[in-house]
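Colleague: Provided below: final12.txt, containing compact mmCIF, C-alpha atoms.
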# COMPACT_ATOMS: atom_id res chain seq x y z
CA MET A 24 44.15 106.56 55.16
CA VAL A 25 42.75 110.04 54.72
CA ALA A 26 42.46 111.78 51.36
CA LYS A 27 43.85 115.34 51.39
CA HIS A 28 41.46 118.08 50.38
CA LYS A 29 42.49 120.43 47.56
CA ILE A 30 39.66 122.97 47.89
CA THR A 31 40.21 125.52 50.67
CA GLU A 32 37.46 126.64 53.02
CA GLY A 33 37.22 130.02 51.24
CA GLU A 34 36.95 128.38 47.82
CA ALA A 35 34.32 125.98 49.17
CA GLU A 36 32.27 128.83 50.62
CA ASN A 37 32.43 130.66 47.28
CA ILE A 38 31.32 127.56 45.31
CA LEU A 39 28.57 126.62 47.78
CA SER A 40 27.16 130.14 48.01
CA PHE A 41 26.56 130.52 44.27
CA ARG A 42 22.85 129.99 43.64
CA ARG A 43 22.05 127.32 41.08
CA GLY A 44 18.83 126.38 39.35
CA LEU A 45 16.82 127.34 36.30
CA PHE A 46 16.91 131.09 36.95
CA PRO A 47 19.73 131.81 39.44
CA LEU A 48 20.12 135.46 38.44
CA MET A 49 16.42 136.36 38.40
CA ASN A 50 16.47 137.21 42.10
CA LYS A 51 18.35 140.27 43.28
CA LYS A 52 20.03 138.02 45.80
CA SER A 53 22.05 135.74 43.49
CA ARG A 54 24.27 134.48 46.30
CA ASP A 55 23.21 132.59 49.38
CA PHE A 56 26.04 132.40 51.91
CA PRO A 57 26.20 129.46 54.31
CA GLN A 58 25.65 130.14 58.01
CA ARG A 59 28.40 127.64 58.78
CA ILE A 60 30.82 125.49 56.79
CA GLU A 61 32.80 122.47 57.93
CA LEU A 62 35.04 119.75 56.55
CA ILE A 63 33.84 116.20 57.16
CA HIS A 64 35.34 112.91 56.05
CA LEU A 65 33.11 110.07 54.89
CA PRO A 66 34.23 106.44 54.87
CA PHE A 67 34.85 104.88 51.45
CA TYR A 68 36.26 101.63 50.13
CA ILE A 69 38.51 101.58 47.06
CA PHE A 70 38.56 98.46 44.87
CA ASP A 71 40.51 97.50 41.77
CA VAL A 72 38.34 95.47 39.40
CA PHE A 73 40.17 93.50 36.73
CA VAL A 74 38.26 93.29 33.46
CA ASN A 75 38.98 91.01 30.51
CA ARG A 76 38.24 92.76 27.21
CA GLU A 77 38.89 90.45 24.26
CA GLY A 78 41.95 88.88 25.88
CA GLU A 79 43.30 92.18 27.25
CA LYS A 80 43.23 92.62 31.02
CA LYS A 81 42.45 96.12 32.27
CA LYS A 82 42.35 97.49 35.82
CA ILE A 83 39.48 99.81 36.78
CA THR A 84 39.58 101.61 40.14
CA LEU A 85 36.15 102.08 41.75
CA SER A 86 34.97 103.30 45.11
CA VAL A 87 31.87 102.80 47.20
CA ASP A 88 30.82 104.67 50.33
CA GLY A 89 31.12 102.75 53.56
CA LEU A 90 27.66 103.74 54.84
CA LEU A 91 25.01 102.89 52.22
CA GLY A 92 26.97 101.43 49.31
CA ASN A 93 26.32 104.12 46.68
CA THR A 94 28.86 103.65 43.91
CA VAL A 95 31.21 106.48 43.02
CA PHE A 96 33.87 106.28 40.32
CA PHE A 97 37.18 108.06 40.62
CA ILE A 98 40.81 107.58 39.72
CA ARG A 99 42.95 106.80 42.74
CA GLU A 100 46.07 108.40 41.24
CA ASN A 101 44.47 111.86 41.52
CA ILE A 102 44.17 111.57 45.29
CA ASN A 103 46.93 112.31 47.78
CA PHE A 104 46.77 110.72 51.21
CA LYS A 105 47.87 111.76 54.67
CA ASP A 106 47.97 110.07 58.05
CA LYS A 107 44.78 110.08 60.05
CA THR A 108 44.79 112.89 62.56
CA SER A 109 41.79 114.36 64.31
CA LEU A 110 38.90 114.19 61.86
CA PHE A 111 35.24 115.04 61.92
CA SER A 112 34.14 111.72 60.47
CA CYS A 113 31.90 108.72 60.97
CA ASP A 114 32.56 104.98 61.08
CA PHE A 115 32.11 102.34 58.40
CA GLU A 116 28.70 100.62 58.53
CA LEU A 117 29.25 98.40 55.49
CA SER A 118 31.62 95.43 55.70
CA PRO A 119 34.41 95.13 53.08
CA SER A 120 32.82 91.96 51.66
CA ASP A 121 29.40 93.62 51.31
CA ALA A 122 31.00 96.68 49.71
CA GLY A 123 32.93 94.46 47.29
CA ARG A 124 29.78 92.57 46.34
CA ILE A 125 27.90 95.85 45.74
CA ILE A 126 30.67 97.34 43.59
CA LEU A 127 31.11 94.14 41.56
CA ASN A 128 27.36 93.78 40.88
CA GLU A 129 27.09 97.46 39.91
CA TYR A 130 30.06 97.25 37.57
CA LYS A 131 28.88 93.98 36.00
CA GLY A 132 25.58 95.72 35.22
CA LEU A 133 27.43 98.58 33.54
CA LEU A 134 29.54 96.11 31.52
CA LEU A 135 26.40 94.29 30.38
CA GLU A 136 24.75 97.56 29.35
CA HIS A 137 27.91 98.55 27.45
CA GLY A 138 28.06 95.10 25.82
CA LEU A 139 24.48 95.32 24.59
CA ARG A 140 25.30 98.60 22.84
CA THR A 141 28.67 97.59 21.37
CA ARG A 142 28.17 93.83 20.98
CA ARG A 143 31.38 93.31 22.92
CA TYR A 144 31.06 91.63 26.27
CA PRO A 145 33.93 92.37 28.64
CA LYS A 146 33.90 90.39 31.89
CA ALA A 147 34.86 91.45 35.39
CA GLU A 148 37.13 88.59 36.44
CA GLU A 149 38.42 89.53 39.87
CA ILE A 150 38.34 92.26 42.49
CA SER A 151 41.07 93.35 44.88
CA PRO A 152 40.51 93.52 48.64
CA GLY A 153 38.98 96.85 49.62
CA ILE A 154 41.13 99.64 51.00
CA LYS A 155 39.49 101.83 53.64
CA ILE A 156 39.86 105.58 53.21
CA PHE A 157 38.22 108.70 54.60
CA TYR A 158 37.26 111.12 51.80
CA PRO A 159 36.80 114.87 52.48
CA PHE A 160 33.70 116.94 51.76
CA TRP A 161 32.89 120.55 52.61
CA VAL A 162 29.38 120.91 54.00
CA GLY A 163 27.67 124.30 54.06
CA TYR A 164 24.60 124.87 56.24
CA PHE A 165 22.03 127.36 54.97
CA LYS A 166 19.22 129.07 56.85
CA LYS A 167 15.89 128.41 55.16
CA ARG A 168 12.41 129.63 56.10
CA LYS A 169 11.72 127.40 59.09
CA GLY A 170 14.96 125.51 59.45
CA TYR A 171 18.25 124.64 57.84
CA ASP A 172 19.41 122.87 54.71
CA PHE A 173 22.85 121.80 53.55
CA LYS A 174 24.92 121.52 50.39
CA ALA A 175 27.94 119.24 50.11
CA LEU A 176 31.04 119.80 48.00
CA ASP A 177 33.70 117.25 47.08
CA ALA A 178 36.81 118.76 48.71
CA VAL A 179 39.15 117.18 46.14
CA SER A 180 37.40 117.81 42.81
CA GLY A 181 35.20 120.79 43.76
CA GLU A 182 31.98 119.18 42.48
CA ILE A 183 28.71 119.85 44.28
CA GLN A 184 27.15 116.57 45.38
CA GLY A 185 23.73 115.62 44.13
CA VAL A 186 20.70 113.73 45.33
CA LYS A 187 22.37 110.29 45.39
CA MET A 188 24.97 111.40 47.95
CA ARG A 189 22.43 113.32 50.06
CA LYS A 190 21.23 110.06 51.64
CA VAL A 191 24.81 109.18 52.56
CA PHE A 192 25.30 112.55 54.26
CA MET A 193 22.03 112.16 56.17
CA ARG A 194 23.19 108.76 57.46
CA ALA A 195 26.55 110.26 58.44
CA PHE A 196 24.90 113.17 60.28
CA ARG A 197 22.75 110.73 62.28
CA GLN A 198 25.83 108.74 63.23
CA ILE A 199 27.91 111.78 64.20
CA SER A 200 25.26 113.52 66.31
Turn the structure described in the file into structure tokens.
Modeller:
Amino acid sequence: MVAKHKITEGEAENILSFRRGLFPLMNKKSRDFPQRIELIHLPFYIFDVFVNREGEKKKITLSVDGLLGNTVFFIRENINFKDKTSLFSCDFELSPSDAGRIILNEYKGLLLEHGLRTRRYPKAEEISPGIKIFYPFWVGYFKKRKGYDFKALDAVSGEIQGVKMRKVFMRAFRQIS
């Protein structure tokens, strides 16, 4: 399955070109336009984790990238899917069982941390089989002094991706090239 992007190429270019940092408007050049922009799809697994909180069962939908296993949380109902057509994407490197183990361990750690603060200890009881999806990101390439750099934008929510996802993109670029 392929998640549909909501952010257009023009909107992505506008978001990516805005300079961020401590003093973005100090320079006369407050915008830095990408040399090139492209839509890529990264592999992700979606899991439903069933949590028991004081006798009440709750379903939490979590996702993990299919390359390195960095955990990302999102709500599946906000995503629309389409059939896989021609995509600029990479393959899964993580098996579904490894991805499930990573997501369950990560979430159990978060539940323990939450329990220590609230003195309530919910337990993750079961996890659904992983669903494979390809999730869209806009990537803008910027000319820097002696080379190029990139910024990535979630093509569904419009959020610029941070340091944690940078490693995933680097792995994807190595696989694609």
Colleague: Take atom CA of Phe41 of chain A and atom CA of Ala26 of chain A and report the distance between them in Å, one decimal.
Modeller: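 Atom CA of Phe41 of chain A sits 25.6 Å away from atom CA of Ala26 of chain A.
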Colleague: Within 7 Å of Lys174 of chain A, counting all atoms listed in the file, which residues qualify if same-chain residues fewer than 6 places away don't, as a ChimeraX atom specification?
Modeller: /A:39,162-164
Colleague: Which one is closest to Phe160 of chain A: A:Ile30, A:Leu62, A:Leu135, A:Met24? Count all atoms listed in the file.
Modeller: A:Leu62
Colleague: In Å to one decimal, how far is atom CA of Ser120 of chain A from atom CA of Gln198 of chain A?
Modeller: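 Atom CA of Ser120 of chain A lies 21.5 Å from atom CA of Gln198 of chain A.
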Colleague: Any idea what's packed within 9 Å of Ile69 of chain A, counting only C-alpha atoms, ignoring anything in its chain fewer than 2 positions away? Could you give it as a ChimeraX atom specification?
Modeller: /A:67,71,84-88,99,151-156
Colleague: Could you give me, as a count of residues only, the residues within 10 Å of segment 92-96 of chain A, counting only C-alpha atoms and dropping anything in the same chain fewer than 6 positions from it?
Modeller: 22
Colleague: In terms of the shortest atom-to-atom distance over all atoms listed in the file, which of A:Val72, A:Ile199, A:Leu65, A:Ile60 is closest to Pro159 of chain A?
Modeller: A:Leu65
